[in-house]
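Q: Supplied in structure tokens, the structure appears directly below.
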Amino acid sequence: ATRLTDDAIVARISATAKDGFEERVFVRGDKRVDYGRVAQVMAIVTSGGFKKVALVTEPDQR
């Protein structure tokens with residue numbers, strides 16, 4: 001995983017998005033990440049022009 005500053009998130013996605021702003025972007029946070037931070041990252045991505053943003057969830061492995 002590569003750490004990015006908030007200002008670099010949209011630039012990194014833009015550099016790799018084959019479909020431009022139509023690219024579907026998935027955001028995943030593990031259990032240690034506060035949900036508010038995940039929501040903040042999703043807001044950064046959508047405000048950067050990407051409207052197809054989804055949260056990745058995985059079932060709890062018990």
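Chain labels follow the order of the structure tokens: the first chain is A, the next B, and so on; residue numbering restarts at 1 in every chain, and ligands are counted from 1 in their shown order.
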Extract the full set of strand (DSSP E or B) residues from chain A according to DSSP on the backbone, and format it as a VMD selection string.

A: chain A and resid 25 to 27 53 to 55

Q: Which neighbours of segment 34-42 of chain A fall inside 8 Å, counting only C-alpha atoms, when residues of the same chain fewer than 6 positions from it are skipped, and could you give them as a PyMOL selection string?

A: chain A and resi 6+27-28+53

Q: Work out how far atom CA of Thr5 of chain A is from atom CA of Asp60 of chain A, in Å to one decimal.

A: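 Atom CA of Thr5 of chain A lies 28.9 Å from atom CA of Asp60 of chain A.
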
Q: As an exercise, work out the distance from atom CA of Ala15 of chain A to atom CA of Val56 of chain A in Å and give it to one decimal place.

A: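 Straight-line distance from atom CA of Ala15 of chain A to atom CA of Val56 of chain A works out to 21.3 Å.
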
Q: Calculate how many Å separate atom CA of Ala11 of chain A from atom CA of Lys51 of chain A, rounding to one decimal.

A: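 If I compute the distance from atom CA of Ala11 of chain A to atom CA of Lys51 of chain A, I get 15.0 Å.
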
Q: Write out as a list in words the set of residues from chain A that DSSP, computed on the backbone, places in helix (DSSP H, G or I).

A: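 Listing helix (DSSP H, G or I) positions across chain A yields Asp6, Asp7, Ala8, Ile9, Val10, Ala11, Arg12, Ile13, Ser14, Ala15, Thr16, Gly20, Phe21, Glu22, Tyr35, Gly36, Arg37, Val38, Ala39, Gln40, Val41, Met42, Ala43, Ile44, Val45, Thr46 and Ser47 of chain A.
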
Q: Suppose we keep N, CA, C and O atoms; can you now write the selection as a compact mmCIF listing (two decimals), in the first residue's frame?

A:
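Generated output (part.txt):
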```
# COMPACT_ATOMS: atom_id res chain seq x y z
N ASP A 6 -3.81 13.83 1.24
CA ASP A 6 -5.14 14.10 0.70
C ASP A 6 -5.06 14.79 -0.66
O ASP A 6 -5.83 14.48 -1.57
N ASP A 7 -4.12 15.70 -0.81
CA ASP A 7 -3.98 16.44 -2.07
C ASP A 7 -3.54 15.56 -3.23
O ASP A 7 -3.76 15.91 -4.38
N ALA A 8 -2.93 14.42 -2.95
CA ALA A 8 -2.40 13.55 -4.01
C ALA A 8 -3.38 12.45 -4.42
O ALA A 8 -3.15 11.78 -5.43
N ILE A 9 -4.46 12.26 -3.68
CA ILE A 9 -5.38 11.16 -3.95
C ILE A 9 -5.97 11.25 -5.35
O ILE A 9 -5.90 10.31 -6.14
N VAL A 10 -6.57 12.37 -5.70
CA VAL A 10 -7.24 12.51 -7.00
C VAL A 10 -6.22 12.44 -8.13
O VAL A 10 -6.48 11.83 -9.17
N ALA A 11 -5.06 13.03 -7.94
CA ALA A 11 -4.02 12.99 -8.99
C ALA A 11 -3.60 11.55 -9.27
O ALA A 11 -3.44 11.16 -10.43
N ARG A 12 -3.45 10.73 -8.23
CA ARG A 12 -3.04 9.34 -8.41
C ARG A 12 -4.12 8.56 -9.14
O ARG A 12 -3.84 7.79 -10.04
N ILE A 13 -5.38 8.78 -8.76
CA ILE A 13 -6.47 8.08 -9.44
C ILE A 13 -6.55 8.53 -10.90
O ILE A 13 -6.70 7.71 -11.80
N SER A 14 -6.44 9.81 -11.13
CA SER A 14 -6.52 10.34 -12.50
C SER A 14 -5.42 9.77 -13.38
O SER A 14 -5.64 9.51 -14.57
N ALA A 15 -4.25 9.56 -12.81
CA ALA A 15 -3.12 9.04 -13.58
C ALA A 15 -3.32 7.59 -14.00
O ALA A 15 -2.72 7.15 -14.98
N THR A 16 -4.15 6.86 -13.28
CA THR A 16 -4.34 5.44 -13.58
C THR A 16 -5.73 5.09 -14.11
O THR A 16 -5.95 3.96 -14.54
N GLY A 20 -11.11 7.76 -17.38
CA GLY A 20 -11.21 9.13 -16.89
C GLY A 20 -12.17 9.20 -15.72
O GLY A 20 -12.20 8.34 -14.86
N PHE A 21 -12.99 10.26 -15.70
CA PHE A 21 -13.91 10.45 -14.59
C PHE A 21 -15.03 9.42 -14.56
O PHE A 21 -15.78 9.34 -13.59
N GLU A 22 -15.16 8.62 -15.61
CA GLU A 22 -16.16 7.55 -15.64
C GLU A 22 -15.64 6.26 -14.98
O GLU A 22 -16.39 5.30 -14.84
N TYR A 35 -14.47 5.21 10.41
CA TYR A 35 -15.40 5.35 9.29
C TYR A 35 -15.45 6.79 8.79
O TYR A 35 -15.59 7.04 7.59
N GLY A 36 -15.31 7.75 9.69
CA GLY A 36 -15.30 9.16 9.28
C GLY A 36 -14.19 9.45 8.30
O GLY A 36 -14.36 10.23 7.36
N ARG A 37 -13.06 8.82 8.49
CA ARG A 37 -11.92 9.02 7.57
C ARG A 37 -12.22 8.40 6.21
O ARG A 37 -11.90 8.97 5.18
N VAL A 38 -12.85 7.22 6.22
CA VAL A 38 -13.23 6.58 4.96
C VAL A 38 -14.20 7.49 4.20
O VAL A 38 -14.04 7.71 3.00
N ALA A 39 -15.18 8.04 4.89
CA ALA A 39 -16.14 8.95 4.27
C ALA A 39 -15.44 10.20 3.73
O ALA A 39 -15.78 10.71 2.66
N GLN A 40 -14.45 10.68 4.46
CA GLN A 40 -13.69 11.85 4.03
C GLN A 40 -12.95 11.56 2.72
O GLN A 40 -12.95 12.38 1.80
N VAL A 41 -12.33 10.40 2.62
CA VAL A 41 -11.61 10.02 1.40
C VAL A 41 -12.59 9.90 0.24
O VAL A 41 -12.32 10.36 -0.88
N MET A 42 -13.76 9.30 0.50
CA MET A 42 -14.77 9.19 -0.56
C MET A 42 -15.20 10.58 -1.03
O MET A 42 -15.38 10.81 -2.23
N ALA A 43 -15.33 11.52 -0.12
CA ALA A 43 -15.71 12.89 -0.48
C ALA A 43 -14.60 13.56 -1.30
O ALA A 43 -14.89 14.29 -2.24
N ILE A 44 -13.36 13.32 -0.96
CA ILE A 44 -12.23 13.87 -1.73
C ILE A 44 -12.29 13.36 -3.16
O ILE A 44 -12.12 14.12 -4.12
N VAL A 45 -12.54 12.07 -3.31
CA VAL A 45 -12.57 11.46 -4.64
C VAL A 45 -13.75 12.01 -5.46
O VAL A 45 -13.58 12.39 -6.62
N THR A 46 -14.93 12.10 -4.86
CA THR A 46 -16.09 12.61 -5.61
C THR A 46 -15.94 14.09 -5.91
O THR A 46 -16.30 14.52 -7.01
N SER A 47 -15.40 14.86 -5.01
CA SER A 47 -15.21 16.29 -5.29
C SER A 47 -14.14 16.51 -6.34
O SER A 47 -14.10 17.56 -6.98
```
